[in-house]
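Asker: My structure file start_16.cif, mmCIF, C-alpha atoms, is below:
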```cif
data_final
loop_
_atom_site.label_atom_id
_atom_site.label_comp_id
_atom_site.auth_asym_id
_atom_site.auth_seq_id
_atom_site.Cartn_x
_atom_site.Cartn_y
_atom_site.Cartn_z
CA MET O 6 -80.10 113.17 18.93
CA SER O 7 -80.78 115.97 21.37
CA LYS O 8 -78.89 115.80 24.70
CA ILE O 9 -81.02 118.45 26.37
CA LYS O 10 -81.86 117.74 30.01
CA LYS O 11 -82.10 121.10 31.78
CA ILE O 12 -84.49 123.75 30.47
CA LEU O 13 -85.17 127.30 31.58
CA ILE O 14 -88.71 128.43 30.79
CA THR O 15 -89.34 132.16 31.05
CA GLY O 16 -92.94 133.11 31.64
CA ALA O 17 -93.57 129.64 33.03
CA GLY O 18 -96.42 130.87 35.25
CA GLY O 19 -98.64 131.82 32.34
CA TYR O 20 -101.33 130.10 30.29
CA VAL O 21 -99.02 127.92 28.21
CA GLY O 22 -96.24 127.58 30.77
CA THR O 23 -98.40 126.00 33.47
CA SER O 24 -99.26 123.19 31.05
CA LEU O 25 -95.81 122.94 29.46
CA VAL O 26 -93.85 122.60 32.72
CA PRO O 27 -95.54 119.40 34.04
CA PHE O 28 -95.55 117.92 30.52
CA LEU O 29 -91.79 118.33 30.18
CA ILE O 30 -91.10 117.10 33.74
CA ASN O 31 -93.15 113.99 32.96
CA ASN O 32 -90.93 113.50 29.91
CA GLY O 33 -87.76 113.48 32.01
CA TYR O 34 -86.56 117.09 31.85
CA GLN O 35 -85.31 119.25 34.73
CA ILE O 36 -87.16 122.56 34.56
CA THR O 37 -86.31 125.97 35.94
CA CYS O 38 -89.24 128.40 35.93
CA LEU O 39 -88.49 132.11 35.74
CA ASP O 40 -91.48 134.39 36.15
CA LEU O 41 -92.87 137.31 38.12
CA PHE O 42 -95.73 134.92 39.01
CA ILE O 43 -98.35 137.65 38.94
CA TYR O 44 -100.93 134.83 38.75
CA GLY O 45 -99.32 132.95 41.66
CA LYS O 46 -97.20 129.81 42.04
CA SER O 47 -99.92 127.43 43.23
CA TYR O 48 -100.22 125.88 39.76
CA PHE O 49 -96.99 123.92 40.23
CA LYS O 50 -96.53 120.70 42.18
CA GLU O 51 -93.26 120.27 44.06
CA SER O 52 -90.76 118.07 42.26
CA ASN O 53 -87.07 117.24 42.42
CA ASN O 54 -86.98 118.25 38.76
CA LEU O 55 -88.52 121.68 39.30
CA LYS O 56 -86.84 124.91 40.38
CA ILE O 57 -88.78 128.15 40.83
CA ILE O 58 -87.15 131.57 40.41
CA LYS O 59 -89.32 134.61 41.00
CA GLY O 60 -87.72 137.36 38.98
CA ASP O 61 -87.93 139.88 36.16
CA ILE O 62 -86.46 139.09 32.75
CA ARG O 63 -85.42 142.75 32.53
CA ASP O 64 -82.93 142.20 35.37
CA GLU O 65 -79.67 140.97 33.85
CA LYS O 66 -78.37 139.58 37.15
CA THR O 67 -81.46 137.39 37.34
CA ILE O 68 -80.92 136.25 33.75
CA ILE O 69 -77.26 135.40 34.41
CA ARG O 70 -78.25 133.34 37.45
CA SER O 71 -81.18 131.65 35.74
CA THR O 72 -79.38 130.59 32.55
CA LYS O 73 -76.37 129.00 34.27
CA ASN O 74 -76.10 125.24 33.72
CA GLN O 75 -79.10 125.23 31.38
CA ASP O 76 -79.11 123.28 28.12
CA ALA O 77 -82.05 125.11 26.58
CA VAL O 78 -84.25 128.15 27.00
CA ILE O 79 -87.91 128.32 26.00
CA HIS O 80 -88.80 131.99 26.02
CA LEU O 81 -92.51 132.48 26.66
CA ALA O 82 -92.38 135.60 28.86
CA CYS O 83 -94.09 138.65 27.41
CA ILE O 84 -96.97 141.03 27.79
CA SER O 85 -99.30 138.92 25.71
CA ASN O 86 -102.06 140.13 23.42
CA ASP O 87 -102.65 143.58 21.94
CA PRO O 88 -104.96 145.04 24.66
CA SER O 89 -102.52 144.22 27.48
CA PHE O 90 -99.62 145.65 25.48
CA GLU O 91 -101.50 148.84 24.61
CA LEU O 92 -102.41 149.40 28.28
CA ASN O 93 -98.81 150.46 28.86
CA PRO O 94 -96.77 150.51 25.62
CA ASP O 95 -93.53 151.44 27.39
CA LEU O 96 -93.88 148.48 29.73
CA GLY O 97 -94.72 146.20 26.81
CA LYS O 98 -91.66 147.33 24.87
CA SER O 99 -89.35 146.93 27.87
CA ILE O 100 -90.45 143.32 28.46
CA ASN O 101 -91.22 142.11 24.95
CA TYR O 102 -88.36 143.80 23.10
CA ASP O 103 -85.72 145.58 25.21
CA ALA O 104 -85.15 142.56 27.46
CA PHE O 105 -84.86 140.12 24.56
CA GLU O 106 -81.36 140.70 23.22
CA PRO O 107 -79.72 140.63 26.68
CA LEU O 108 -81.54 137.34 27.35
CA VAL O 109 -80.30 135.82 24.09
CA ASN O 110 -76.75 137.14 24.54
CA ILE O 111 -76.45 135.96 28.14
CA SER O 112 -77.97 132.58 27.30
CA LYS O 113 -75.37 132.04 24.60
CA SER O 114 -72.52 133.27 26.81
CA ASN O 115 -73.61 130.92 29.59
CA GLY O 116 -73.43 127.89 27.32
CA VAL O 117 -77.12 127.37 26.52
CA SER O 118 -77.16 125.23 23.39
CA ARG O 119 -80.75 125.68 22.22
CA PHE O 120 -83.07 128.69 22.34
CA ILE O 121 -86.74 128.47 21.36
CA TYR O 122 -88.59 131.74 20.94
CA ALA O 123 -92.37 131.96 21.15
CA SER O 124 -93.26 134.51 18.50
CA SER O 125 -96.81 134.75 17.11
CA SER O 126 -98.74 134.07 13.92
CA SER O 127 -99.94 137.67 14.19
CA VAL O 128 -96.59 138.82 12.75
CA TYR O 129 -98.00 138.13 9.27
CA GLY O 130 -100.66 140.82 9.53
CA ILE O 131 -103.50 140.54 7.02
CA LYS O 132 -102.91 138.15 4.16
CA LYS O 133 -105.40 137.49 1.37
CA ILE O 134 -103.57 134.35 0.27
CA LYS O 135 -105.23 131.13 1.42
CA ASN O 136 -102.30 129.58 3.29
CA VAL O 137 -99.73 131.79 5.00
CA GLU O 138 -96.33 130.08 5.04
CA GLU O 139 -93.18 130.86 7.00
CA ASP O 140 -91.21 132.45 4.15
CA MET O 141 -93.85 135.12 3.49
CA LYS O 142 -93.23 138.76 4.33
CA LEU O 143 -93.99 139.78 7.89
CA GLU O 144 -96.36 142.74 8.04
CA PRO O 145 -97.29 143.20 11.72
CA LEU O 146 -100.19 145.57 12.37
CA THR O 147 -99.68 146.35 16.07
CA ASP O 148 -96.77 147.13 18.38
CA TYR O 149 -97.25 143.74 20.06
CA SER O 150 -96.73 141.87 16.80
CA LYS O 151 -94.08 144.33 15.54
CA TYR O 152 -91.82 143.60 18.51
CA LYS O 153 -92.45 139.88 18.13
CA ALA O 154 -91.12 140.15 14.56
CA LEU O 155 -88.12 142.30 15.56
CA CYS O 156 -87.12 139.76 18.21
CA GLU O 157 -87.06 137.06 15.56
CA ASP O 158 -84.39 139.06 13.72
CA ILE O 159 -82.37 139.46 16.90
CA LEU O 160 -82.33 135.75 17.63
CA LEU O 161 -81.15 134.92 14.12
CA LYS O 162 -78.15 137.22 14.58
CA TYR O 163 -76.88 135.05 17.43
CA THR O 164 -77.43 131.55 16.11
CA SER O 165 -74.44 129.32 15.40
CA ASN O 166 -73.47 125.67 15.37
CA ASP O 167 -73.26 125.85 19.17
CA PHE O 168 -76.34 128.01 19.73
CA ILE O 169 -79.38 126.59 17.99
CA GLY O 170 -82.13 129.17 17.60
CA THR O 171 -85.69 128.32 16.60
CA ILE O 172 -88.75 130.51 16.17
CA ILE O 173 -92.24 129.18 16.66
CA ARG O 174 -95.25 131.17 15.45
CA PRO O 175 -98.26 129.71 17.24
CA ALA O 176 -101.88 130.13 16.34
CA THR O 177 -104.13 131.31 19.17
CA VAL O 178 -104.01 128.69 21.89
CA CYS O 179 -107.29 127.38 23.25
CA GLY O 180 -108.51 124.96 25.88
CA PHE O 181 -107.92 124.29 29.54
CA SER O 182 -104.72 125.04 31.45
CA PRO O 183 -104.05 125.32 35.19
CA ARG O 184 -103.60 129.10 34.80
CA LEU O 185 -106.70 129.49 32.71
CA ARG O 186 -107.17 132.35 30.27
CA LEU O 187 -110.68 133.32 29.25
CA ASP O 188 -109.74 136.22 26.98
CA VAL O 189 -108.76 134.18 23.92
CA VAL O 190 -111.49 133.66 21.37
CA VAL O 191 -112.48 129.99 21.86
CA ASN O 192 -112.26 130.20 25.65
CA LEU O 193 -114.05 133.55 25.74
CA LEU O 194 -117.00 132.31 23.68
CA THR O 195 -117.23 129.08 25.70
CA ASN O 196 -117.28 131.04 28.95
CA LEU O 197 -120.05 133.31 27.66
CA ALA O 198 -122.07 130.38 26.41
CA PHE O 199 -121.81 128.30 29.57
CA PHE O 200 -122.53 131.03 32.12
CA LYS O 201 -124.52 133.66 30.17
CA ARG O 202 -126.18 131.35 27.60
CA LYS O 203 -125.45 134.06 25.05
CA ILE O 204 -122.53 134.70 22.71
CA SER O 205 -121.62 138.10 21.29
CA VAL O 206 -119.72 137.88 18.01
CA PHE O 207 -118.01 141.00 16.67
CA GLY O 208 -117.85 140.66 12.91
CA GLY O 209 -117.69 136.92 12.46
CA SER O 210 -116.12 136.39 9.06
CA GLN O 211 -112.55 136.92 10.30
CA LEU O 212 -110.45 133.78 10.09
CA ARG O 213 -108.71 132.79 13.29
CA PRO O 214 -106.10 130.03 13.42
CA ASN O 215 -106.25 128.09 16.70
CA ILE O 216 -104.34 125.30 18.37
CA HIS O 217 -105.36 123.12 21.31
CA MET O 218 -103.20 123.50 24.42
CA TYR O 219 -102.17 119.84 24.26
CA ASP O 220 -100.78 120.29 20.76
CA MET O 221 -99.12 123.57 21.68
CA ILE O 222 -97.03 121.92 24.38
CA ARG O 223 -96.35 118.90 22.14
CA SER O 224 -94.92 121.26 19.53
CA TYR O 225 -92.32 122.58 22.00
CA TYR O 226 -91.35 119.01 22.82
CA SER O 227 -90.95 118.22 19.13
CA LEU O 228 -88.51 121.13 18.78
CA LEU O 229 -86.51 120.00 21.80
CA VAL O 230 -85.99 116.45 20.55
CA ALA O 231 -85.43 117.37 16.89
CA ASP O 232 -82.03 117.13 15.24
CA GLU O 233 -80.42 120.55 15.58
CA ASN O 234 -79.78 120.76 11.83
CA LEU O 235 -83.52 120.63 11.21
CA VAL O 236 -84.44 123.48 13.52
CA ASN O 237 -81.51 125.92 13.58
CA ASN O 238 -82.37 129.32 12.04
CA GLU O 239 -85.86 128.07 11.28
CA ALA O 240 -89.33 129.46 11.92
CA PHE O 241 -92.32 127.15 12.24
CA ASN O 242 -96.02 127.94 12.18
CA VAL O 243 -98.02 125.72 14.46
CA GLY O 244 -101.80 125.57 14.33
CA SER O 245 -104.59 123.09 13.81
CA GLU O 246 -107.75 124.68 12.42
CA ASN O 247 -108.30 127.93 10.56
CA ILE O 248 -111.98 128.76 10.88
CA SER O 249 -114.01 131.94 11.18
CA VAL O 250 -115.13 133.45 14.47
CA MET O 251 -118.73 132.67 13.55
CA GLU O 252 -117.84 129.03 12.90
CA ILE O 253 -116.23 128.92 16.35
CA ALA O 254 -119.42 130.37 17.86
CA ASN O 255 -121.49 127.71 16.11
CA LEU O 256 -119.19 124.98 17.44
CA VAL O 257 -119.55 126.36 20.96
CA GLN O 258 -123.33 126.39 20.61
CA ASN O 259 -123.24 122.80 19.36
CA VAL O 260 -121.19 121.61 22.36
CA VAL O 261 -122.60 123.73 25.20
CA GLY O 262 -126.27 123.70 24.25
CA ASP O 263 -128.80 124.51 21.55
CA ASP O 264 -130.34 127.15 23.83
CA ILE O 265 -127.27 129.38 23.38
CA LYS O 266 -128.13 132.60 21.56
CA ILE O 267 -125.62 134.07 19.12
CA GLU O 268 -125.72 137.83 18.59
CA THR O 269 -123.60 139.56 15.95
CA THR O 270 -122.24 143.10 15.95
CA LYS O 271 -120.19 144.97 13.38
CA SER O 272 -116.47 145.09 14.07
CA ASN O 273 -113.56 147.21 12.91
CA ASP O 274 -111.17 144.37 13.75
CA ASN O 275 -110.07 143.32 10.28
CA ARG O 276 -107.36 140.88 11.33
CA SER O 277 -107.89 137.71 9.35
CA TYR O 278 -105.30 135.11 8.45
CA HIS O 279 -105.03 131.45 7.59
CA ILE O 280 -101.70 129.87 8.53
CA SER O 281 -100.22 126.72 7.05
CA SER O 282 -98.55 124.25 9.40
CA LYS O 283 -97.24 122.00 6.63
CA LYS O 284 -93.59 122.88 7.28
CA ILE O 285 -93.46 121.56 10.85
CA GLU O 286 -95.30 118.43 9.70
CA LYS O 287 -92.94 117.85 6.78
CA ILE O 288 -89.68 118.55 8.62
CA LEU O 289 -90.45 117.30 12.16
CA GLY O 290 -93.40 115.01 11.58
CA PHE O 291 -95.51 117.09 13.95
CA LYS O 292 -99.24 117.03 13.42
CA SER O 293 -102.02 118.30 15.68
CA GLU O 294 -104.07 115.64 17.43
CA LYS O 295 -106.75 117.76 19.09
CA THR O 296 -109.46 120.04 17.70
CA ILE O 297 -111.20 123.27 18.65
CA ARG O 298 -114.21 121.15 19.55
CA ASN O 299 -112.02 119.20 22.00
CA ALA O 300 -110.99 122.49 23.61
CA ILE O 301 -114.61 123.57 24.02
CA GLU O 302 -115.48 120.17 25.52
CA ASP O 303 -112.54 120.36 27.95
CA LEU O 304 -113.57 123.81 29.16
CA THR O 305 -117.22 122.82 29.45
CA ASN O 306 -116.28 119.76 31.53
CA PHE O 307 -114.12 121.96 33.76
CA PHE O 308 -116.95 124.44 34.32
CA GLN O 309 -119.38 121.61 35.08
CA LYS O 310 -117.12 119.89 37.61
CA ASN O 311 -115.91 122.97 39.47
CA SER O 312 -117.95 125.45 41.49
CA ILE O 313 -116.79 128.57 39.69
CA ASN O 314 -118.88 131.72 39.70
CA ASP O 315 -116.28 134.42 39.10
CA THR O 316 -115.12 133.81 35.54
CA PHE O 317 -116.12 137.34 34.55
CA SER O 318 -115.10 139.19 37.72
CA ASN O 319 -111.84 137.50 38.71
CA PRO O 320 -108.92 139.29 37.00
CA LYS O 321 -106.78 136.15 36.99
CA TYR O 322 -108.72 134.88 33.98
CA ILE O 323 -108.26 138.05 31.91
CA ASN O 324 -104.72 139.26 31.25
CA ILE O 325 -105.51 142.94 30.87
CA ASN O 326 -107.54 142.98 34.11
CA THR O 327 -104.60 141.52 36.02
CA MET O 328 -102.28 144.10 34.47
CA LYS O 329 -104.58 146.88 35.60
CA LYS O 330 -104.81 145.43 39.11
CA ILE O 331 -101.11 145.03 39.77
CA ASN O 332 -100.00 148.18 37.89
CA LEU O 333 -96.72 146.59 36.82
CA GLU O 334 -93.96 149.01 35.82
#
```
Show me the file's structure as structure tokens.

Answerer:
Amino acid sequence: MSKIKKILITGAGGYVGTSLVPFLINNGYQITCLDLFIYGKSYFKESNNLKIIKGDIRDEKTIIRSTKNQDAVIHLACISNDPSFELNPDLGKSINYDAFEPLVNISKSNGVSRFIYASSSSVYGIKKIKNVEEDMKLEPLTDYSKYKALCEDILLKYTSNDFIGTIIRPATVCGFSPRLRLDVVVNLLTNLAFFKRKISVFGGSQLRPNIHMYDMIRSYYSLLVADENLVNNEAFNVGSENISVMEIANLVQNVVGDDIKIETTKSNDNRSYHISSKKIEKILGFKSEKTIRNAIEDLTNFFQKNSINDTFSNPKYININTMKKINLE
């Protein structure tokens, strides 16, 4: 049985982190959040079980201080998505790749017993096979996904009986979170539908695996409480539904309103993959409980109940726009 109590979450101020932190606190964990907090700290409620450290994961002194007396690390921090990475490839490499091995090494040296790395299902590249499983060859197409794959190899070099390393390869996360992102496919289309009453679909036949935010944070919990022998040196896909972009658009139309117009345009984005999440279900008993439709409904309810009129202009909702604004180096 896992004895983990204290957890360091890097990148805790992001889309997933701002939902994961309160979930884990409510489940009895003491959480330390390490982040640059470029989206602010207002998403967190004060708690005796919450510690906030504003810092850069590229600074080894910060890492040494942050990992002390921690039982586990959940590493979320990165320049996320291809456009944000490509805005400044050197910055992306320094955060997503160069900082990773020092973080792993220092975590292990400081006595951290479990390290969970948020990789990505994009590491598989394009697969024609129906269900992409964890033992298949990684063929990343972009620098973002290439460095995600390389970091997986680094983590596996450090694992031992005393340092349990686990890789999670999530589908694209969707749905509401306190630090809301509107640049991921389900959220993007819902935002367009609700406020513009029109959806633009580029291509449409590409398959996109998605997972509801609630299930994303549940999957991290399932890794934390799992027997270490089940998760050490293992990679797990986690997703719920693999459907095409056009099917997502139709779902959005169905939830938001029949008046929504769907326009299609040709696309040179040929990324298309269909991940299997059978392994995490078989080994850990984890199964998604929410659907893409639930995510669309959650976002629609949020838009209806809150007086928001800047979902297209406010950079906090779009990662690349925030990166441009702050000019991080």

Asker: Which distance in Å separates atom CA of Leu108 of chain O and atom CA of Arg186 of chain O, to one decimal?

Answerer: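 Straight-line distance from atom CA of Leu108 of chain O to atom CA of Arg186 of chain O works out to 26.3 Å.
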
Asker: Please measure the separation of atom CA of Tyr48 of chain O and atom CA of Phe28 of chain O, giving the value in Å to one decimal.

Answerer: 13.1 Å

Asker: Give me the result of the PyMOL selection byres ((chain O and resi 15-20) around 8) on this file, residue by residue, as JSON, numbers by chain.

Answerer: {"O": [13, 14, 21, 22, 23, 24, 25, 26, 38, 39, 40, 41, 42, 43, 44, 45, 46, 48, 62, 78, 79, 80, 81, 82, 83, 182, 183, 184, 185, 186]}

Asker: Considering all atoms listed in the file, state which residue in the set O:Tyr149, O:Phe168, O:Tyr278, O:Phe207 is at the smallest distance from Asp76 of chain O.

Answerer: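 Residue with the minimum atom-to-atom distance to Asp76 of chain O: O:Phe168.
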
Asker: Which residues, named as in the file, does the PyMOL selection byres ((chain O and resi 260) around 12) pick out? Answer as a ChimeraX atom specification.

Answerer: /O:194-195,198-199,253-259,261-265,297-306

Asker: Pull C-alpha atoms from the residues just selected and write them as a PDB file, keeping the file's coordinate frame.

Answerer:
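What follows is the written file out14.pdb:
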```pdb
ATOM      1  CA  LEU O 194    -117.000 132.310  23.680  1.00  0.00           C
ATOM      2  CA  THR O 195    -117.230 129.080  25.700  1.00  0.00           C
ATOM      3  CA  ALA O 198    -122.070 130.380  26.410  1.00  0.00           C
ATOM      4  CA  PHE O 199    -121.810 128.300  29.570  1.00  0.00           C
ATOM      5  CA  ILE O 253    -116.230 128.920  16.350  1.00  0.00           C
ATOM      6  CA  ALA O 254    -119.420 130.370  17.860  1.00  0.00           C
ATOM      7  CA  ASN O 255    -121.490 127.710  16.110  1.00  0.00           C
ATOM      8  CA  LEU O 256    -119.190 124.980  17.440  1.00  0.00           C
ATOM      9  CA  VAL O 257    -119.550 126.360  20.960  1.00  0.00           C
ATOM     10  CA  GLN O 258    -123.330 126.390  20.610  1.00  0.00           C
ATOM     11  CA  ASN O 259    -123.240 122.800  19.360  1.00  0.00           C
ATOM     12  CA  VAL O 261    -122.600 123.730  25.200  1.00  0.00           C
ATOM     13  CA  GLY O 262    -126.270 123.700  24.250  1.00  0.00           C
ATOM     14  CA  ASP O 263    -128.800 124.510  21.550  1.00  0.00           C
ATOM     15  CA  ASP O 264    -130.340 127.150  23.830  1.00  0.00           C
ATOM     16  CA  ILE O 265    -127.270 129.380  23.380  1.00  0.00           C
ATOM     17  CA  ILE O 297    -111.200 123.270  18.650  1.00  0.00           C
ATOM     18  CA  ARG O 298    -114.210 121.150  19.550  1.00  0.00           C
ATOM     19  CA  ASN O 299    -112.020 119.200  22.000  1.00  0.00           C
ATOM     20  CA  ALA O 300    -110.990 122.490  23.610  1.00  0.00           C
ATOM     21  CA  ILE O 301    -114.610 123.570  24.020  1.00  0.00           C
ATOM     22  CA  GLU O 302    -115.480 120.170  25.520  1.00  0.00           C
ATOM     23  CA  ASP O 303    -112.540 120.360  27.950  1.00  0.00           C
ATOM     24  CA  LEU O 304    -113.570 123.810  29.160  1.00  0.00           C
ATOM     25  CA  THR O 305    -117.220 122.820  29.450  1.00  0.00           C
ATOM     26  CA  ASN O 306    -116.280 119.760  31.530  1.00  0.00           C
TER      27      ASN O 306
END
```

Asker: May I ask for the distance between atom CA of Ile69 of chain O and atom CA of Lys56 of chain O, given in Å to one decimal place?

Answerer: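 Separation of atom CA of Ile69 of chain O and atom CA of Lys56 of chain O: 15.4 Å.
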
Asker: I would like the residues chosen by the PyMOL selection byres ((chain O and resi 291) around 12) on the shown file; could you give them as a list in words?

Answerer: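 Those residues are Asp220, Met221, Ile222, Arg223, Ser224, Tyr225, Tyr226, Ser227, Leu228, Val230, Ala231, Phe241, Asn242, Val243, Gly244, Ser245, Ser282, Lys283, Lys284, Ile285, Glu286, Lys287, Ile288, Leu289, Gly290, Lys292, Ser293 and Glu294 of chain O.
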
Asker: Could you check the closest approach to Leu92 of chain O for each of O:Asp148, O:Leu55, O:Ser118, O:Leu212 and tell me which residue wins, using all atoms listed in the file?

Answerer: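 Closest residue, counting all atoms listed in the file: O:Asp148.
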
Asker: Please determine, counting all atoms listed in the file, which residue among O:Ile169, O:Ile121, O:Val137, O:Ile325 has the shortest atom-to-atom distance to Asn86 of chain O.

Answerer: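 Closest candidate: O:Ile325.
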
Asker: Nearest to Glu106 of chain O: which of O:Ile134, O:Leu146, O:Leu161, O:Val128 is it, counting all atoms listed in the file?

Answerer: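 Ranking O:Ile134, O:Leu146, O:Leu161, O:Val128 by distance to Glu106 of chain O, first place goes to O:Leu161.
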
Asker: Rank O:Thr171, O:Asn192, O:Asn115, O:Ser124 by their smallest atom-to-atom distance to Gln75 of chain O, using all atoms listed in the file, and report the top residue only.

Answerer: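 Ranked by minimum distance to Gln75 of chain O, first place goes to O:Asn115.
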
Asker: Would you compute, for all listed atoms of segment 20-29 of chain O, the axis-aligned bounding box grown by 5 Å on each side, and then report its centre and edge lengths in Å rounded to one decimal, as JSON?

Answerer:
```
{"center_x": -96.6, "center_y": 124.0, "center_z": 31.1, "size_x": 19.5, "size_y": 22.2, "size_z": 15.8}
```

Asker: Identify the residues within 9 Å of coordinate (-94.7, 134.3, 17.1) (same frame as the file), considering all atoms listed in the file, and give the answer as a ChimeraX atom specification.

Answerer: /O:122-128,150,153-154,157,172-176,240-242

Asker: Store the residues picked out above in a file with C-alpha atoms, as an mmCIF file, in the coordinates of the input.

Answerer:
```
data_model
loop_
_atom_site.group_PDB
_atom_site.id
_atom_site.type_symbol
_atom_site.label_atom_id
_atom_site.label_comp_id
_atom_site.auth_asym_id
_atom_site.auth_seq_id
_atom_site.Cartn_x
_atom_site.Cartn_y
_atom_site.Cartn_z
ATOM 1 C CA TYR O 122 -88.590 131.740 20.940
ATOM 2 C CA ALA O 123 -92.370 131.960 21.150
ATOM 3 C CA SER O 124 -93.260 134.510 18.500
ATOM 4 C CA SER O 125 -96.810 134.750 17.110
ATOM 5 C CA SER O 126 -98.740 134.070 13.920
ATOM 6 C CA SER O 127 -99.940 137.670 14.190
ATOM 7 C CA VAL O 128 -96.590 138.820 12.750
ATOM 8 C CA SER O 150 -96.730 141.870 16.800
ATOM 9 C CA LYS O 153 -92.450 139.880 18.130
ATOM 10 C CA ALA O 154 -91.120 140.150 14.560
ATOM 11 C CA GLU O 157 -87.060 137.060 15.560
ATOM 12 C CA ILE O 172 -88.750 130.510 16.170
ATOM 13 C CA ILE O 173 -92.240 129.180 16.660
ATOM 14 C CA ARG O 174 -95.250 131.170 15.450
ATOM 15 C CA PRO O 175 -98.260 129.710 17.240
ATOM 16 C CA ALA O 176 -101.880 130.130 16.340
ATOM 17 C CA ALA O 240 -89.330 129.460 11.920
ATOM 18 C CA PHE O 241 -92.320 127.150 12.240
ATOM 19 C CA ASN O 242 -96.020 127.940 12.180
#
```

Asker: From the options O:Lys8, O:Asn166, O:Asn314, O:Met251, which residue's atoms come nearest to Leu235 of chain O, counting all atoms listed in the file?

Answerer: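 Closest to Leu235 of chain O of all the choices is O:Asn166.
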